[in-house]
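Next comes structure-v4.pdb, with PDB, C-alpha atoms and all ligand atoms.
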ATOM      1  CA  MET A   1     121.707  61.555 175.663
ATOM      2  CA  PRO A   2     118.537  60.074 177.262
ATOM      3  CA  GLU A   3     118.798  58.285 180.619
ATOM      4  CA  ARG A   4     119.094  54.466 180.512
ATOM      5  CA  ALA A   5     115.409  53.478 180.475
ATOM      6  CA  GLY A   6     114.731  56.124 177.819
ATOM      7  CA  GLN A   7     117.337  54.544 175.572
ATOM      8  CA  LEU A   8     115.291  51.387 175.054
ATOM      9  CA  LEU A   9     112.727  51.493 172.268
ATOM     10  CA  VAL A  10     110.592  48.379 171.901
ATOM     11  CA  ALA A  11     109.662  47.540 168.311
ATOM     12  CA  LEU A  12     105.920  46.876 168.203
ATOM     13  CA  ASP A  13     106.004  44.563 165.191
ATOM     14  CA  VAL A  14     102.613  42.987 165.845
ATOM     15  CA  GLU A  15      99.497  42.236 163.825
ATOM     16  CA  GLY A  16      97.176  45.012 164.855
ATOM     17  CA  LEU A  17      95.999  47.518 167.416
ATOM     18  CA  ASP A  18      94.710  44.959 169.923
ATOM     19  CA  GLN A  19      98.031  43.121 170.073
ATOM     20  CA  ALA A  20      99.882  46.438 170.266
ATOM     21  CA  THR A  21      97.845  47.793 173.158
ATOM     22  CA  THR A  22      98.077  44.490 175.030
ATOM     23  CA  LEU A  23     101.846  44.641 174.693
ATOM     24  CA  LEU A  24     102.010  48.328 175.644
ATOM     25  CA  ASP A  25      99.929  47.673 178.745
ATOM     26  CA  LYS A  26     102.312  44.878 179.747
ATOM     27  CA  LEU A  27     105.358  47.120 179.229
ATOM     28  CA  SER A  28     103.878  50.220 180.843
ATOM     29  CA  GLY A  29     105.858  51.391 183.863
ATOM     30  CA  VAL A  30     109.003  49.620 182.652
ATOM     31  CA  VAL A  31     109.534  50.907 179.119
ATOM     32  CA  THR A  32     109.007  54.543 178.090
ATOM     33  CA  GLY A  33     109.590  54.414 174.350
ATOM     34  CA  CYS A  34     108.343  52.290 171.485
ATOM     35  CA  LYS A  35     108.888  51.988 167.787
ATOM     36  CA  ILE A  36     106.000  51.698 165.344
ATOM     37  CA  GLY A  37     107.048  50.332 161.985
ATOM     38  CA  ASN A  38     105.558  49.214 158.719
ATOM     39  CA  GLN A  39     103.615  46.210 159.986
ATOM     40  CA  LEU A  40     101.653  47.907 162.740
ATOM     41  CA  PHE A  41     101.246  51.209 160.902
ATOM     42  CA  THR A  42      99.911  49.429 157.821
ATOM     43  CA  ALA A  43      97.438  47.522 159.995
ATOM     44  CA  ALA A  44      96.331  50.262 162.349
ATOM     45  CA  GLY A  45      97.595  53.618 161.030
ATOM     46  CA  PRO A  46      97.779  56.749 163.197
ATOM     47  CA  ALA A  47      95.565  55.063 165.820
ATOM     48  CA  ALA A  48      98.607  53.011 166.821
ATOM     49  CA  VAL A  49     100.644  56.160 167.459
ATOM     50  CA  GLU A  50      97.747  57.672 169.369
ATOM     51  CA  ALA A  51      97.304  54.543 171.511
ATOM     52  CA  ALA A  52     100.986  54.531 172.453
ATOM     53  CA  ARG A  53     101.113  58.254 173.177
ATOM     54  CA  LYS A  54      97.909  58.054 175.261
ATOM     55  CA  ARG A  55      99.660  55.478 177.442
ATOM     56  CA  GLY A  56     102.633  57.801 177.923
ATOM     57  CA  PHE A  57     105.039  56.173 175.459
ATOM     58  CA  ARG A  58     107.300  58.216 173.219
ATOM     59  CA  VAL A  59     106.968  57.001 169.661
ATOM     60  CA  PHE A  60     109.685  56.460 167.068
ATOM     61  CA  LEU A  61     107.833  56.201 163.752
ATOM     62  CA  ASP A  62     110.001  53.832 161.716
ATOM     63  CA  LEU A  63     108.452  53.983 158.256
ATOM     64  CA  LYS A  64     111.789  54.428 156.451
ATOM     65  CA  TYR A  65     110.434  56.834 153.847
ATOM     66  CA  HIS A  66     112.091  56.423 150.452
ATOM     67  CA  ASP A  67     110.412  58.339 147.624
ATOM     68  CA  ILE A  68     110.724  61.556 145.648
ATOM     69  CA  PRO A  69     111.458  64.629 147.805
ATOM     70  CA  ASN A  70     107.949  66.117 147.588
ATOM     71  CA  THR A  71     106.268  62.893 148.698
ATOM     72  CA  VAL A  72     108.697  62.322 151.550
ATOM     73  CA  ALA A  73     108.301  65.933 152.704
ATOM     74  CA  GLY A  74     104.528  65.426 152.843
ATOM     75  CA  ALA A  75     104.876  62.204 154.817
ATOM     76  CA  VAL A  76     107.288  63.801 157.281
ATOM     77  CA  ARG A  77     104.857  66.692 157.768
ATOM     78  CA  GLU A  78     102.067  64.244 158.610
ATOM     79  CA  ALA A  79     104.331  62.258 160.948
ATOM     80  CA  THR A  80     105.245  65.463 162.776
ATOM     81  CA  ARG A  81     101.537  66.197 163.184
ATOM     82  CA  LEU A  82     101.102  62.778 164.827
ATOM     83  CA  GLY A  83     103.415  63.895 167.626
ATOM     84  CA  VAL A  84     106.141  61.299 167.182
ATOM     85  CA  PHE A  85     109.484  62.115 168.804
ATOM     86  CA  MET A  86     111.592  60.459 166.135
ATOM     87  CA  LEU A  87     111.179  59.371 162.511
ATOM     88  CA  ASN A  88     113.364  58.160 159.687
ATOM     89  CA  VAL A  89     113.942  58.157 155.948
ATOM     90  CA  HIS A  90     116.222  55.938 153.859
ATOM     91  CA  ALA A  91     119.536  57.724 153.349
ATOM     92  CA  GLY A  92     119.706  55.915 149.998
ATOM     93  CA  GLY A  93     116.959  58.305 148.833
ATOM     94  CA  GLY A  94     119.697  60.905 148.368
ATOM     95  CA  LEU A  95     120.578  64.391 149.529
ATOM     96  CA  GLY A  96     117.601  66.185 147.972
ATOM     97  CA  MET A  97     115.125  63.784 149.522
ATOM     98  CA  MET A  98     116.707  64.045 152.961
ATOM     99  CA  ARG A  99     116.907  67.856 152.754
ATOM    100  CA  ALA A 100     113.205  67.955 151.917
ATOM    101  CA  ALA A 101     112.504  65.726 154.924
ATOM    102  CA  ALA A 102     114.552  67.885 157.302
ATOM    103  CA  GLU A 103     112.939  71.096 156.073
ATOM    104  CA  ALA A 104     109.426  69.641 156.262
ATOM    105  CA  ALA A 105     109.995  68.500 159.859
ATOM    106  CA  THR A 106     111.318  71.923 160.856
ATOM    107  CA  LYS A 107     108.452  73.776 159.223
ATOM    108  CA  ALA A 108     105.710  71.479 160.510
ATOM    109  CA  ALA A 109     107.104  71.625 164.048
ATOM    110  CA  LYS A 110     107.260  75.421 163.880
ATOM    111  CA  ASP A 111     103.692  75.684 162.576
ATOM    112  CA  LEU A 112     102.454  73.418 165.372
ATOM    113  CA  ALA A 113     104.725  74.988 167.997
ATOM    114  CA  VAL A 114     106.087  71.553 168.966
ATOM    115  CA  PRO A 115     109.690  70.311 169.096
ATOM    116  CA  ARG A 116     110.977  69.055 165.755
ATOM    117  CA  PRO A 117     111.066  65.249 165.755
ATOM    118  CA  ILE A 118     114.550  63.744 165.660
ATOM    119  CA  CYS A 119     115.029  62.902 161.974
ATOM    120  CA  LEU A 120     117.288  59.981 161.065
ATOM    121  CA  GLY A 121     118.700  58.503 157.899
ATOM    122  CA  VAL A 122     118.624  54.719 157.677
ATOM    123  CA  THR A 123     122.071  53.612 156.496
ATOM    124  CA  VAL A 124     122.599  49.894 155.785
ATOM    125  CA  LEU A 125     119.901  47.630 157.204
ATOM    126  CA  THR A 126     121.148  45.407 160.030
ATOM    127  CA  SER A 127     119.853  42.415 158.056
ATOM    128  CA  LEU A 128     122.471  43.030 155.321
ATOM    129  CA  ASP A 129     126.151  42.094 155.288
ATOM    130  CA  ARG A 130     129.027  42.815 152.939
ATOM    131  CA  HIS A 131     128.161  39.906 150.673
ATOM    132  CA  ALA A 132     124.589  41.190 150.180
ATOM    133  CA  LEU A 133     125.841  44.734 149.510
ATOM    134  CA  ASP A 134     128.208  43.501 146.846
ATOM    135  CA  ALA A 135     126.509  40.472 145.275
ATOM    136  CA  GLU A 136     122.906  41.747 145.451
ATOM    137  CA  LEU A 137     123.089  45.543 145.412
ATOM    138  CA  GLY A 138     126.302  46.045 143.466
ATOM    139  CA  ILE A 139     127.852  48.217 146.180
ATOM    140  CA  VAL A 140     131.549  47.439 146.148
ATOM    141  CA  SER A 141     132.633  48.789 149.514
ATOM    142  CA  THR A 142     132.741  47.579 153.082
ATOM    143  CA  VAL A 143     129.576  47.894 155.131
ATOM    144  CA  GLU A 144     131.381  50.368 157.373
ATOM    145  CA  SER A 145     132.444  52.720 154.608
ATOM    146  CA  HIS A 146     128.984  52.602 153.020
ATOM    147  CA  VAL A 147     127.369  53.377 156.376
ATOM    148  CA  LEU A 148     129.768  56.316 156.849
ATOM    149  CA  ARG A 149     129.023  57.603 153.380
ATOM    150  CA  LEU A 150     125.224  57.469 153.881
ATOM    151  CA  ALA A 151     125.487  58.974 157.375
ATOM    152  CA  GLY A 152     127.587  61.826 155.946
ATOM    153  CA  LEU A 153     124.862  62.496 153.396
ATOM    154  CA  ALA A 154     122.230  62.469 156.155
ATOM    155  CA  LYS A 155     124.212  64.985 158.175
ATOM    156  CA  ALA A 156     124.846  67.219 155.150
ATOM    157  CA  ALA A 157     121.106  67.192 154.456
ATOM    158  CA  GLY A 158     120.306  68.497 157.934
ATOM    159  CA  LEU A 159     119.125  65.255 159.537
ATOM    160  CA  ASP A 160     119.959  64.689 163.196
ATOM    161  CA  GLY A 161     121.529  61.264 163.005
ATOM    162  CA  CYS A 162     121.267  57.789 161.586
ATOM    163  CA  VAL A 163     120.219  54.199 162.130
ATOM    164  CA  ALA A 164     123.192  51.842 162.070
ATOM    165  CA  SER A 165     124.364  48.584 163.585
ATOM    166  CA  ALA A 166     126.534  48.512 166.707
ATOM    167  CA  ARG A 167     129.540  47.627 164.611
ATOM    168  CA  GLU A 168     129.581  51.044 162.929
ATOM    169  CA  ILE A 169     129.021  53.209 166.009
ATOM    170  CA  GLY A 170     132.719  53.763 166.779
ATOM    171  CA  PRO A 171     133.639  55.118 163.358
ATOM    172  CA  LEU A 172     130.373  57.117 163.201
ATOM    173  CA  ARG A 173     131.115  58.833 166.530
ATOM    174  CA  LEU A 174     134.662  59.561 165.441
ATOM    175  CA  GLN A 175     133.530  61.171 162.230
ATOM    176  CA  PHE A 176     130.313  62.923 163.254
ATOM    177  CA  GLY A 177     130.774  63.671 166.945
ATOM    178  CA  LYS A 178     128.712  63.311 170.117
ATOM    179  CA  LYS A 179     125.607  65.187 169.014
ATOM    180  CA  PHE A 180     124.939  62.945 166.037
ATOM    181  CA  VAL A 181     122.074  60.689 167.141
ATOM    182  CA  ILE A 182     122.736  56.985 166.607
ATOM    183  CA  VAL A 183     119.923  54.448 166.847
ATOM    184  CA  THR A 184     120.878  50.781 166.799
ATOM    185  CA  PRO A 185     118.592  47.836 166.018
ATOM    186  CA  GLY A 186     119.729  44.227 165.627
ATOM    187  CA  ILE A 187     119.972  43.789 169.395
ATOM    188  CA  ARG A 188     120.181  40.224 170.631
ATOM    189  CA  PRO A 189     120.587  38.879 174.163
ATOM    190  CA  ALA A 190     124.022  38.011 175.495
ATOM    191  CA  GLY A 191     124.183  34.315 174.766
ATOM    192  CA  GLY A 192     122.373  34.714 171.434
ATOM    193  CA  PRO A 193     123.513  32.998 168.253
ATOM    194  CA  ARG A 194     126.588  34.333 166.464
ATOM    195  CA  HIS A 195     126.001  36.154 163.219
ATOM    196  CA  GLY A 196     127.829  37.673 160.356
ATOM    197  CA  PRO A 197     131.474  38.076 159.451
ATOM    198  CA  PRO A 198     133.781  39.743 160.320
ATOM    199  CA  ASP A 199     134.118  39.261 164.072
ATOM    200  CA  PRO A 200     133.047  42.367 165.991
ATOM    201  CA  PRO A 201     134.920  43.520 169.112
ATOM    202  CA  THR A 202     134.316  41.275 172.138
ATOM    203  CA  ALA A 203     131.757  43.592 173.770
ATOM    204  CA  LEU A 204     129.613  43.377 170.663
ATOM    205  CA  ARG A 205     129.865  39.645 170.307
ATOM    206  CA  PRO A 206     126.892  37.451 171.199
ATOM    207  CA  THR A 207     127.727  33.922 172.353
ATOM    208  CA  GLU A 208     125.291  31.024 172.647
ATOM    209  CA  SER A 209     121.553  30.941 172.048
ATOM    210  CA  VAL A 210     119.090  31.688 174.850
ATOM    211  CA  THR A 211     116.141  33.139 172.910
ATOM    212  CA  ALA A 212     114.846  31.628 169.703
ATOM    213  CA  ILE A 213     113.364  34.143 167.238
ATOM    214  CA  PRO A 214     110.133  32.705 165.821
ATOM    215  CA  GLY A 215     110.502  31.992 162.128
ATOM    216  CA  GLY A 216     114.308  32.249 162.321
ATOM    217  CA  ASP A 217     116.430  35.345 162.749
ATOM    218  CA  ASP A 218     116.879  37.735 159.820
ATOM    219  CA  GLN A 219     119.278  40.086 161.606
ATOM    220  CA  VAL A 220     122.945  39.743 160.684
ATOM    221  CA  ARG A 221     124.953  42.634 162.191
ATOM    222  CA  THR A 222     123.865  42.083 165.781
ATOM    223  CA  ALA A 223     125.130  43.106 169.231
ATOM    224  CA  THR A 224     123.979  42.887 172.823
ATOM    225  CA  ALA A 225     122.055  45.802 174.372
ATOM    226  CA  SER A 226     124.941  46.745 176.659
ATOM    227  CA  GLY A 227     127.473  46.266 173.851
ATOM    228  CA  ALA A 228     125.578  48.750 171.674
ATOM    229  CA  ILE A 229     125.196  51.319 174.468
ATOM    230  CA  GLU A 230     128.850  50.968 175.516
ATOM    231  CA  ALA A 231     129.845  51.444 171.891
ATOM    232  CA  GLY A 232     127.956  54.773 171.987
ATOM    233  CA  ALA A 233     124.400  54.226 170.733
ATOM    234  CA  ASP A 234     121.922  56.855 171.931
ATOM    235  CA  TYR A 235     118.977  54.493 171.521
ATOM    236  CA  ILE A 236     118.634  50.762 170.977
ATOM    237  CA  VAL A 237     115.680  49.137 169.243
ATOM    238  CA  VAL A 238     114.676  45.736 170.556
ATOM    239  CA  GLY A 239     111.831  43.791 168.997
ATOM    240  CA  ARG A 240     111.426  40.036 169.129
ATOM    241  CA  PRO A 241     113.747  39.361 172.069
ATOM    242  CA  ILE A 242     111.110  41.265 174.111
ATOM    243  CA  THR A 243     107.876  40.961 172.138
ATOM    244  CA  ALA A 244     108.205  37.219 171.455
ATOM    245  CA  ALA A 245     109.364  36.393 174.982
ATOM    246  CA  PRO A 246     106.929  34.436 177.182
ATOM    247  CA  ASN A 247     106.981  37.401 179.575
ATOM    248  CA  PRO A 248     107.689  40.633 177.640
ATOM    249  CA  LYS A 249     107.781  42.760 180.789
ATOM    250  CA  ALA A 250     110.431  40.536 182.400
ATOM    251  CA  ALA A 251     112.402  40.472 179.135
ATOM    252  CA  ALA A 252     112.335  44.291 178.995
ATOM    253  CA  GLN A 253     113.400  44.479 182.640
ATOM    254  CA  ALA A 254     116.305  42.132 181.869
ATOM    255  CA  VAL A 255     117.454  44.403 179.019
ATOM    256  CA  LEU A 256     117.281  47.445 181.323
ATOM    257  CA  GLU A 257     119.176  45.578 184.061
ATOM    258  CA  GLU A 258     121.835  44.774 181.487
ATOM    259  CA  LEU A 259     122.045  48.477 180.520
ATOM    260  CA  ARG A 260     122.406  49.542 184.153
ATOM    261  CA  GLY A 261     125.262  47.031 184.479
TER
HETATM  262  O1  LIG B   1     112.777  41.942 166.238
HETATM  263  P1  LIG B   1     114.021  42.752 166.052
HETATM  264  O2  LIG B   1     114.730  43.091 167.353
HETATM  265  O3  LIG B   1     114.958  42.188 165.005
HETATM  266  O4  LIG B   1     113.468  44.147 165.492
HETATM  267  C1  LIG B   1     114.295  45.161 164.985
HETATM  268  C2  LIG B   1     113.442  46.273 164.516
HETATM  269  O5  LIG B   1     114.287  47.321 164.045
HETATM  270  C3  LIG B   1     112.504  45.925 163.375
HETATM  271  O6  LIG B   1     111.287  46.617 163.631
HETATM  272  C4  LIG B   1     113.171  46.474 162.145
HETATM  273  O7  LIG B   1     112.230  46.911 161.190
HETATM  274  C5  LIG B   1     113.941  47.644 162.711
HETATM  275  N1  LIG B   1     115.128  48.066 161.965
HETATM  276  C6  LIG B   1     116.173  47.212 161.678
HETATM  277  N2  LIG B   1     117.252  47.643 160.946
HETATM  278  C7  LIG B   1     117.326  48.914 160.541
HETATM  279  C8  LIG B   1     116.270  49.796 160.855
HETATM  280  C9  LIG B   1     115.186  49.333 161.586
HETATM  281  O8  LIG B   1     116.143  46.054 162.101
HETATM  282  N3  LIG B   1     118.384  49.350 159.887
END

Is it possible to give me this structure as structure tokens?
Amino acid sequence: MPERAGQLLVALDVEGLDQATTLLDKLSGVVTGCKIGNQLFTAAGPAAVEAARKRGFRVFLDLKYHDIPNTVAGAVREATRLGVFMLNVHAGGGLGMMRAAAEAATKAAKDLAVPRPICLGVTVLTSLDRHALDAELGIVSTVESHVLRLAGLAKAAGLDGCVASAREIGPLRLQFGKKFVIVTPGIRPAGGPRHGPPDPPTALRPTESVTAIPGGDDQVRTATASGAIEAGADYIVVGRPITAAPNPKAAAQAVLEELRG
């Protein structure tokens, strides 16, 4: 498990390279890891990964690949070449797709003589709840059992872990053990708005609002940073509570203080 500061990955969901580098420069010295997702990668491509790595940040490339096995294998190969330390695919892409991803990462890392990136399966997005699973996607099961099912597939395919909300960490740890890497987004400050039935355990329960998310908050299965780490997350992903704060560096420091207890 990484040490506390290494467990925080800041989601760089910004409009382009200039905004990303401005943010990285503000966070430098406080935060050591960042997450580059679809918005920034679509705007700036591999240059965004390069800019973060040049500044000493470890990069989680969160492009949630979901395609036929051959295409995903090719994308994972290219991501490994970019030198990211972690990447992900949608577990809903199935066993064959995830196996192809795992094998491509292993082979590319071997060819380049670099460590294989941590490869994760995305289970159920933290913006979805049981109602959405059932009424929209036709999945008649609890969020927890669907997360466990997808995580089991990810493990069987040779991936290293999964992305899941704080609410599923306990059962995931029980079923897949300590070495299974769990990355948790949907982090909101203690004192944030309450979201999503059913009630999580107290440690995972936000209370009243302190940070407004611009445009409204789309996350549903949320927890505090310390709640997620105490529940057993290896890494937490925090975006807008840091990036949209008036002082992102101070907001990141506050999250780290919270993690140190
Ligand atoms: O701004 P916020 O803290 O909600 O950002 C969360 C980040 O984590 C976003 O970049 C989002 O794409 C990502 N993510 C997520 N849920 C997942 C996987 C990734 O929210 N299951």

key: Within 10 Å of ligand LIG 1 (chain B), counting only C-alpha atoms and all ligand atoms, residues as an MDAnalysis selection string   = chainID A and resid 9:14 35:40 62:64 88:90 121:128 162:165 183:189 213:214 217:222 236:244

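CA of Met97 (chain A) to CA of Asp129 (chain A) spans 25.0 Å [interatomic distance, one decimal].
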
request  = Name the residues that the PyMOL selection byres (((chain A and resi 160) around 9) and not hetatm) pulls out of this structure, and write them as a PyMOL selection string.
outcome  = chain A and resi 102+118-121+154-155+158-159+161-162+179-182

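Near Arg116 (chain A), within 8 Å and counting all atoms listed in the file, sit A:Thr80, A:Phe85, A:Ala105, A:Thr106, A:Ala108, A:Ala109, A:Lys110, not including residues fewer than 3 positions from it in the same chain.
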
ask   = Nearest to Leu95 (chain A) among A:Arg149, A:Arg81, A:Arg55, A:His131, with distances taken over all atoms listed in the file: which residue is it?
value = A:Arg149

request  = Taking the file above as input, evaluate the PyMOL selection byres (((chain A and resi 232) around 8) and not hetatm) and report the hits as a PyMOL selection string.
outcome  = chain A and resi 169-170+173+182+228-231+233-234

message = Would you pick out the contacts of Leu148 (chain A) at 9 Å or less, using all atoms listed in the file, so that residues sharing its chain but fewer than 6 positions from it are not included, and give the list as a PyMOL selection string?
response = chain A and resi 123+168+171-172+175

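Nearest residue to Ala75 (chain A), choosing from A:Leu24, A:Leu61, A:Glu50, A:Ala252 and counting only C-alpha atoms: A:Leu61.
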
key: Shortest interatomic distance to Met98 (chain A) - which of A:Ala157, A:Ala113, A:Ala135, A:Ala48, counting all atoms listed in the file   = A:Ala157

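A straight line drawn from CA of Ser145 (chain A) to CA of Leu174 (chain A) is 13.0 Å long.
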